[in-house]
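Here's coords27.txt, which has compact mmCIF, C-alpha atoms:
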```txt
# COMPACT_ATOMS: atom_id res chain seq x y z
CA GLY A 5 311.89 192.42 319.28
CA GLU A 6 310.18 195.67 320.01
CA ASN A 7 308.93 196.28 323.56
CA VAL A 8 305.92 198.58 323.54
CA GLU A 9 304.18 200.13 326.53
CA GLN A 10 301.14 202.36 326.62
CA HIS A 11 300.02 204.67 329.39
CA PRO A 12 297.50 205.01 330.81
CA SER A 13 295.68 201.71 330.40
CA THR A 14 292.34 203.42 331.02
CA LEU A 15 291.36 207.06 330.68
CA SER A 16 288.08 208.76 331.46
CA VAL A 17 287.46 212.34 330.35
CA GLN A 18 284.44 214.59 330.12
CA GLU A 19 283.08 215.51 326.73
CA GLY A 20 284.96 218.49 325.37
CA ASP A 21 288.13 217.84 327.34
CA SER A 22 291.41 216.70 325.82
CA ALA A 23 292.91 213.22 326.07
CA VAL A 24 296.55 212.20 325.74
CA ILE A 25 297.87 208.64 325.41
CA LYS A 26 301.59 207.91 325.48
CA CYS A 27 303.44 205.04 323.81
CA THR A 28 306.99 204.09 324.75
CA TYR A 29 309.07 201.80 322.55
CA SER A 30 312.48 200.16 322.79
CA ASP A 31 313.85 199.85 319.25
CA SER A 32 315.74 203.05 318.42
CA ALA A 33 315.57 202.10 314.72
CA SER A 34 311.77 202.37 314.65
CA ASN A 35 310.70 204.87 312.00
CA TYR A 36 306.94 204.39 311.58
CA PHE A 37 304.51 205.28 314.37
CA PRO A 38 300.79 204.56 313.86
CA TRP A 39 297.79 204.76 316.15
CA TYR A 40 294.78 202.47 315.79
CA LYS A 41 291.27 202.88 317.17
CA GLN A 42 289.15 199.86 318.00
CA GLU A 43 285.45 200.32 318.61
CA LEU A 44 283.43 197.69 320.41
CA GLY A 45 282.90 194.60 318.26
CA LYS A 46 285.07 195.83 315.41
CA GLY A 47 288.62 195.41 314.18
CA PRO A 48 291.26 198.10 314.80
CA GLN A 49 291.33 200.97 312.33
CA LEU A 50 294.29 203.18 311.50
CA ILE A 51 293.50 206.77 312.52
CA ILE A 52 296.81 208.58 312.25
CA ASP A 53 300.47 207.81 311.69
CA ILE A 54 303.78 209.64 311.62
CA ARG A 55 307.21 208.94 310.27
CA SER A 56 310.53 209.62 311.97
CA ASN A 57 311.38 212.66 309.88
CA VAL A 58 308.34 214.52 311.24
CA GLY A 59 307.82 215.71 314.81
CA GLU A 60 304.07 216.30 314.76
CA LYS A 61 301.09 215.58 312.56
CA LYS A 62 297.51 216.81 312.91
CA ASP A 63 294.25 215.65 311.40
CA GLN A 64 291.29 217.69 312.63
CA ARG A 65 290.85 216.85 316.34
CA ILE A 66 293.61 214.25 316.55
CA ALA A 67 297.37 214.70 316.51
CA VAL A 68 300.45 212.60 317.04
CA THR A 69 303.74 213.90 318.42
CA LEU A 70 307.05 212.07 318.31
CA ASN A 71 310.10 212.30 320.56
CA LYS A 72 312.69 210.02 319.01
CA THR A 73 315.36 210.87 321.56
CA ALA A 74 313.18 209.69 324.41
CA LYS A 75 311.63 206.93 322.27
CA HIS A 76 308.02 207.77 322.81
CA PHE A 77 305.12 209.15 320.81
CA SER A 78 301.72 210.38 321.91
CA LEU A 79 298.17 210.56 320.63
CA HIS A 80 296.32 213.79 321.39
CA ILE A 81 292.55 214.10 321.02
CA THR A 82 291.01 217.54 321.53
CA GLU A 83 287.36 218.45 322.09
CA THR A 84 286.53 214.82 322.84
CA GLN A 85 283.15 213.45 321.83
CA PRO A 86 281.28 210.30 322.94
CA GLU A 87 282.17 208.61 319.64
CA ASP A 88 285.85 208.86 320.62
CA SER A 89 285.18 206.21 323.27
CA ALA A 90 287.18 203.18 322.16
CA VAL A 91 290.41 201.28 322.76
CA TYR A 92 293.49 202.87 321.21
CA PHE A 93 296.62 200.97 320.23
CA CYS A 94 300.07 202.16 319.20
CA ALA A 95 302.28 200.00 316.97
CA PRO A 96 305.79 201.36 316.33
CA ARG A 97 307.83 199.69 313.62
CA ASN A 98 311.16 199.66 311.83
CA THR A 99 310.04 199.52 308.21
CA GLY A 100 313.53 198.51 307.08
CA THR A 101 313.68 195.22 308.92
CA ALA A 102 310.34 194.37 310.48
CA SER A 103 307.50 193.21 308.29
CA LYS A 104 305.05 193.10 311.18
CA LEU A 105 303.70 195.48 313.79
CA THR A 106 303.99 194.94 317.53
CA PHE A 107 300.97 196.43 319.24
CA GLY A 108 300.85 198.03 322.64
CA THR A 109 298.42 196.62 325.20
CA GLY A 110 295.90 199.34 324.49
CA THR A 111 294.27 202.28 326.25
CA ARG A 112 290.55 202.29 326.92
CA LEU A 113 289.21 205.83 326.54
CA GLN A 114 285.79 206.64 327.97
CA VAL A 115 284.26 210.01 327.13
CA THR A 116 281.47 210.87 329.55
CA LEU A 117 278.67 213.38 329.01
CA ASN B 13 285.48 197.57 297.90
CA ALA B 14 285.14 195.02 300.72
CA GLY B 15 288.66 195.32 302.19
CA VAL B 16 289.34 192.38 304.51
CA THR B 17 286.57 189.82 305.01
CA GLN B 18 286.66 187.15 307.72
CA THR B 19 284.45 184.10 307.92
CA PRO B 20 282.82 182.91 310.08
CA LYS B 21 282.01 185.74 312.48
CA PHE B 22 281.16 183.46 315.40
CA ARG B 23 281.84 179.81 316.16
CA VAL B 24 281.56 177.44 319.11
CA LEU B 25 283.77 174.37 319.06
CA LYS B 26 284.10 171.40 321.33
CA THR B 27 287.55 170.54 322.68
CA GLY B 28 289.41 168.45 320.13
CA GLN B 29 287.43 169.59 317.11
CA SER B 30 289.12 171.24 314.15
CA MET B 31 288.19 174.25 312.09
CA THR B 32 289.52 176.73 309.55
CA LEU B 33 289.12 180.48 309.65
CA LEU B 34 289.15 182.20 306.29
CA CYS B 35 290.51 185.64 305.54
CA ALA B 36 290.09 187.26 302.12
CA GLN B 37 291.34 190.66 300.94
CA ASP B 38 290.64 192.44 297.68
CA MET B 39 293.33 195.15 297.87
CA ASN B 40 296.11 193.15 296.24
CA HIS B 41 298.15 193.38 299.44
CA GLU B 42 301.30 191.31 299.73
CA TYR B 43 301.34 190.90 303.50
CA MET B 44 298.70 189.18 305.60
CA TYR B 45 298.54 188.49 309.33
CA TRP B 46 296.55 186.59 311.92
CA TYR B 47 296.23 188.05 315.44
CA ARG B 48 294.37 186.91 318.50
CA GLN B 49 292.96 189.32 321.03
CA ASP B 50 292.33 188.38 324.64
CA PRO B 51 291.12 190.66 327.44
CA GLY B 52 293.97 192.74 328.85
CA MET B 53 296.55 191.31 326.46
CA GLY B 54 296.14 193.41 323.37
CA LEU B 55 296.81 191.91 319.95
CA ARG B 56 299.25 189.02 319.67
CA LEU B 57 300.58 187.83 316.33
CA ILE B 58 299.96 184.14 315.55
CA HIS B 59 301.31 183.73 312.02
CA TYR B 60 301.93 185.98 309.08
CA SER B 61 302.73 185.84 305.38
CA VAL B 62 304.87 188.13 303.25
CA GLY B 63 303.59 186.74 299.96
CA GLU B 64 301.76 183.94 298.19
CA GLY B 65 303.12 180.56 299.20
CA THR B 66 305.04 181.88 302.23
CA THR B 67 304.21 181.79 305.94
CA ALA B 68 306.08 182.55 309.15
CA LYS B 69 305.53 182.14 312.87
CA GLY B 70 304.60 185.02 315.05
CA GLU B 71 304.55 185.44 318.81
CA VAL B 72 302.02 182.69 319.70
CA PRO B 73 302.01 180.08 316.88
CA ASP B 74 301.53 176.86 318.89
CA GLY B 75 298.31 174.99 318.12
CA TYR B 76 297.72 176.84 314.83
CA ASN B 77 298.64 176.29 311.20
CA VAL B 78 298.25 178.61 308.23
CA SER B 79 298.31 178.50 304.46
CA ARG B 80 298.58 181.17 301.75
CA LEU B 81 297.90 179.30 298.52
CA LYS B 82 296.40 182.37 296.85
CA LYS B 83 297.54 185.96 297.31
CA GLN B 84 294.11 187.13 298.37
CA ASN B 85 293.43 184.40 300.95
CA PHE B 86 295.05 183.52 304.26
CA LEU B 87 293.69 180.54 306.17
CA LEU B 88 294.12 179.84 309.88
CA GLY B 89 293.60 176.28 311.05
CA LEU B 90 293.07 174.77 314.46
CA GLU B 91 293.73 171.03 314.28
CA SER B 92 292.59 170.13 317.81
CA ALA B 93 290.89 173.02 319.56
CA ALA B 94 291.58 173.71 323.24
CA PRO B 95 289.76 176.02 325.68
CA SER B 96 292.90 178.22 325.76
CA GLN B 97 292.18 179.07 322.13
CA THR B 98 288.96 180.81 323.05
CA SER B 99 289.58 184.30 321.73
CA VAL B 100 288.72 186.87 319.10
CA TYR B 101 290.77 186.36 315.95
CA PHE B 102 291.61 189.20 313.60
CA CYS B 103 293.07 189.03 310.15
CA ALA B 104 294.90 192.01 308.66
CA SER B 105 296.65 192.86 305.43
CA SER B 106 299.10 195.52 304.31
CA ASP B 107 300.95 196.63 301.23
CA LEU B 108 304.52 195.60 300.59
CA GLN B 109 306.09 197.85 303.20
CA ALA B 110 303.03 198.49 305.42
CA ASP B 111 303.76 202.18 305.07
CA TYR B 112 300.07 202.84 305.04
CA GLY B 113 299.26 200.66 307.99
CA TYR B 114 297.18 197.57 308.32
CA THR B 115 293.61 196.97 307.21
CA PHE B 116 291.82 194.69 309.67
CA GLY B 117 288.85 192.43 309.26
CA SER B 118 285.93 192.57 311.68
CA GLY B 119 287.04 189.51 313.62
CA THR B 120 285.93 185.96 314.44
CA ARG B 121 284.77 185.23 317.96
CA LEU B 122 285.70 181.64 318.78
CA THR B 123 284.62 179.79 321.90
CA VAL B 124 286.02 176.35 322.71
CA VAL B 125 284.05 174.42 325.30
```

Go ahead and render the structure in this file as structure tokens.
Amino acid sequence: GENVEQHPSTLSVQEGDSAVIKCTYSDSASNYFPWYKQELGKGPQLIIDIRSNVGEKKDQRIAVTLNKTAKHFSLHITETQPEDSAVYFCAPRNTGTASKLTFGTGTRLQVTL
Amino acid sequence: NAGVTQTPKFRVLKTGQSMTLLCAQDMNHEYMYWYRQDPGMGLRLIHYSVGEGTTAKGEVPDGYNVSRLKKQNFLLGLESAAPSQTSVYFCASSDLQADYGYTFGSGTRLTVV
């Protein structure tokens, strides 16, 4: 199965700074790379995803970049705000063979004022 | 549009008692999943279903059973609860190929004493 690692496990940034979370995976056949955000007391919510034929995708203040050669992808959050404080999970997947996602262990992001 | 609804939201069980967690989705999704989330361990897959009448084991299936008698419902059963099953349980659903990610419910917090 897929081995997924996230770094760092915790991240504290000041409001307005940028945050970067990295996800490393093992299955070279993975072709779908989503990021989920989980706020306190809620279920995870998909915030951005990318497919293997694209190197970067942006949606307002968040972006995801993919390096298939090195088998890692990263979540970038710019101009962080207090409401960005949450736990973020990556979940790479091979859509051709795997019907389920394997989640990373999560990164707790704290945005301080 | 409710998405994924989990009931109950909270429950306290005594060791040895049984219970069923209900997950219902109104998006006509084929795939449904049950995850448990423990501190520092991310999301671990218990069981999943790729269609009505089908179920399969995930990463941590021991002590749990599931049923998918109707496409919109996925039930998770604990026949004899143990303290090790104290956790937050999340249900999720996705379309046939999960190309648009998972939709999660808000979770059930279960405590076994």

Can you check which residues of chain A have any atom within 6 Å of chain B? Use all atoms listed in the file and format it as a ChimeraX atom specification.
/A:46-47,109

How would you write as a PyMOL selection string the residues that get within 10 Å of (316.3, 197.4, 310.7) in the file's frame, counting only C-alpha atoms?
chain A and resi 31-35+97-102

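Shortest separation to Gly28 (chain B) among B:Ser79, B:Ser92, B:Thr98, B:Ser105 occurs at residue B:Ser92, atoms counted being all atoms listed in the file.
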
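Summary of the local environment: counting only C-alpha atoms, residues at most 7 Å from Thr82 (chain A), other than itself and those fewer than 3 positions away along its chain, are Asp21, Ser22, Ala23, Arg65 and Ile66 of chain A.
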
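In this structure, CA of Thr123 (chain B) sits 20.7 Å away from CA of Pro48 (chain A).
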
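Minimum atom-to-atom distances from A:His80, A:Lys41, A:Arg55, A:His11 to Ala67 (chain A) were compared using all atoms listed in the file, and the lowest value belongs to A:His80.
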
First collect every listed atom of region 87-99 of chain A; then fit an axis-aligned box around them, widen it by 8 Å on each side, and give centre and edge lengths in Å to one decimal, as JSON.
```
{"center_x": 296.7, "center_y": 204.2, "center_z": 315.7, "size_x": 45.0, "size_y": 25.3, "size_z": 31.1}
```

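With all atoms listed in the file as the atoms that count, the minimum distance from Tyr40 (chain A) to the choices A:Val8, A:Ile52, A:Val58, A:Cys27 is reached by A:Ile52.
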
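CA of Asn57 (chain A) sits 25.6 Å away from CA of His41 (chain B).
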
Determine, counting only C-alpha atoms, which protein, DNA and RNA residues have an atom within 10 Å of an atom of Asn71 (chain A); residues of the same chain fewer than 4 positions away are not included. Present the result as a PyMOL selection string.
chain A and resi 28+56+58-60+75-78

Quick one: of A:Gln10, A:Leu44, A:Gln85, A:Leu50, who's nearest to Leu117 (chain A), counting only C-alpha atoms?
A:Gln85

Two-atom distance - CA of Val125 (chain B), CA of Ser99 (chain B) (Å)
11.9 Å

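Using all atoms listed in the file for every distance, the candidate list A:Glu6, A:Ile54, A:Gln49, A:Leu113 yields A:Leu113 as the residue closest to Ile25 (chain A).
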
Could you name the residues that touch Lys82 (chain B) at 10 Å or less, counting only C-alpha atoms, but leaving out those on the same chain fewer than 6 positions away, as number ranges by chain?
B: 36, 63-65

Who sits within 12 Å of Val72 (chain B), only C-alpha atoms, same chain under 4 positions skipped, as a PyMOL selection string
chain B and resi 46-49+55-60+68+76-77+96-97

What would the file be for region 82-99 of chain A if you keep N, CA, C and O atoms and write it as a CSV table (one decimal), in the first residue's frame?
```csv
chain,number,residue,atom,x,y,z
A,82,THR,N,-0.7,31.4,1.3
A,82,THR,CA,-0.1,32.7,1.4
A,82,THR,C,-1.0,33.6,2.2
A,82,THR,O,-2.2,33.3,2.4
A,83,GLU,N,-0.4,34.7,2.7
A,83,GLU,CA,-1.2,35.7,3.5
A,83,GLU,C,-2.1,35.0,4.5
A,83,GLU,O,-3.3,35.2,4.5
A,84,THR,N,-1.5,34.2,5.4
A,84,THR,CA,-2.3,33.4,6.3
A,84,THR,C,-3.2,34.2,7.2
A,84,THR,O,-2.8,35.3,7.6
A,85,GLN,N,-4.3,33.6,7.5
A,85,GLN,CA,-5.3,34.3,8.4
A,85,GLN,C,-5.6,33.4,9.5
A,85,GLN,O,-5.4,32.1,9.4
A,86,PRO,N,-6.1,33.9,10.7
A,86,PRO,CA,-6.5,33.0,11.8
A,86,PRO,C,-7.4,31.8,11.4
A,86,PRO,O,-7.3,30.7,12.0
A,87,GLU,N,-8.3,32.0,10.5
A,87,GLU,CA,-9.2,31.0,10.1
A,87,GLU,C,-8.5,29.9,9.3
A,87,GLU,O,-9.1,28.8,9.0
A,88,ASP,N,-7.2,30.0,9.0
A,88,ASP,CA,-6.5,29.0,8.3
A,88,ASP,C,-6.0,28.0,9.4
A,88,ASP,O,-5.5,26.9,9.0
A,89,SER,N,-6.1,28.3,10.6
A,89,SER,CA,-5.7,27.4,11.7
A,89,SER,C,-6.5,26.1,11.7
A,89,SER,O,-7.7,26.2,11.8
A,90,ALA,N,-5.9,25.0,11.5
A,90,ALA,CA,-6.6,23.7,11.3
A,90,ALA,C,-5.5,22.6,11.2
A,90,ALA,O,-4.3,22.9,11.2
A,91,VAL,N,-6.0,21.4,11.0
A,91,VAL,CA,-5.1,20.3,10.7
A,91,VAL,C,-5.3,20.0,9.2
A,91,VAL,O,-6.4,19.9,8.7
A,92,TYR,N,-4.2,19.8,8.5
A,92,TYR,CA,-4.2,19.6,7.1
A,92,TYR,C,-3.7,18.2,6.8
A,92,TYR,O,-2.7,17.8,7.3
A,93,PHE,N,-4.4,17.5,5.9
A,93,PHE,CA,-4.0,16.1,5.5
A,93,PHE,C,-3.8,16.0,4.0
A,93,PHE,O,-4.6,16.6,3.3
A,94,CYS,N,-2.8,15.3,3.6
A,94,CYS,CA,-2.7,14.9,2.2
A,94,CYS,C,-3.2,13.5,2.0
A,94,CYS,O,-3.2,12.7,3.0
A,95,ALA,N,-3.5,13.1,0.8
A,95,ALA,CA,-4.1,11.8,0.6
A,95,ALA,C,-3.8,11.3,-0.9
A,95,ALA,O,-4.8,11.2,-1.7
A,96,PRO,N,-2.6,11.0,-1.2
A,96,PRO,CA,-2.3,10.7,-2.6
A,96,PRO,C,-2.9,9.3,-3.0
A,96,PRO,O,-3.1,8.5,-2.2
A,97,ARG,N,-3.2,9.2,-4.3
A,97,ARG,CA,-4.0,8.0,-4.7
A,97,ARG,C,-3.7,7.6,-6.1
A,97,ARG,O,-3.5,8.5,-7.0
A,98,ASN,N,-3.7,6.3,-6.4
A,98,ASN,CA,-3.7,5.8,-7.8
A,98,ASN,C,-5.1,5.5,-8.2
A,98,ASN,O,-5.7,4.5,-7.7
A,99,THR,N,-5.7,6.4,-9.0
A,99,THR,CA,-7.2,6.2,-9.3
A,99,THR,C,-7.4,5.0,-10.1
A,99,THR,O,-8.6,4.6,-10.2
```
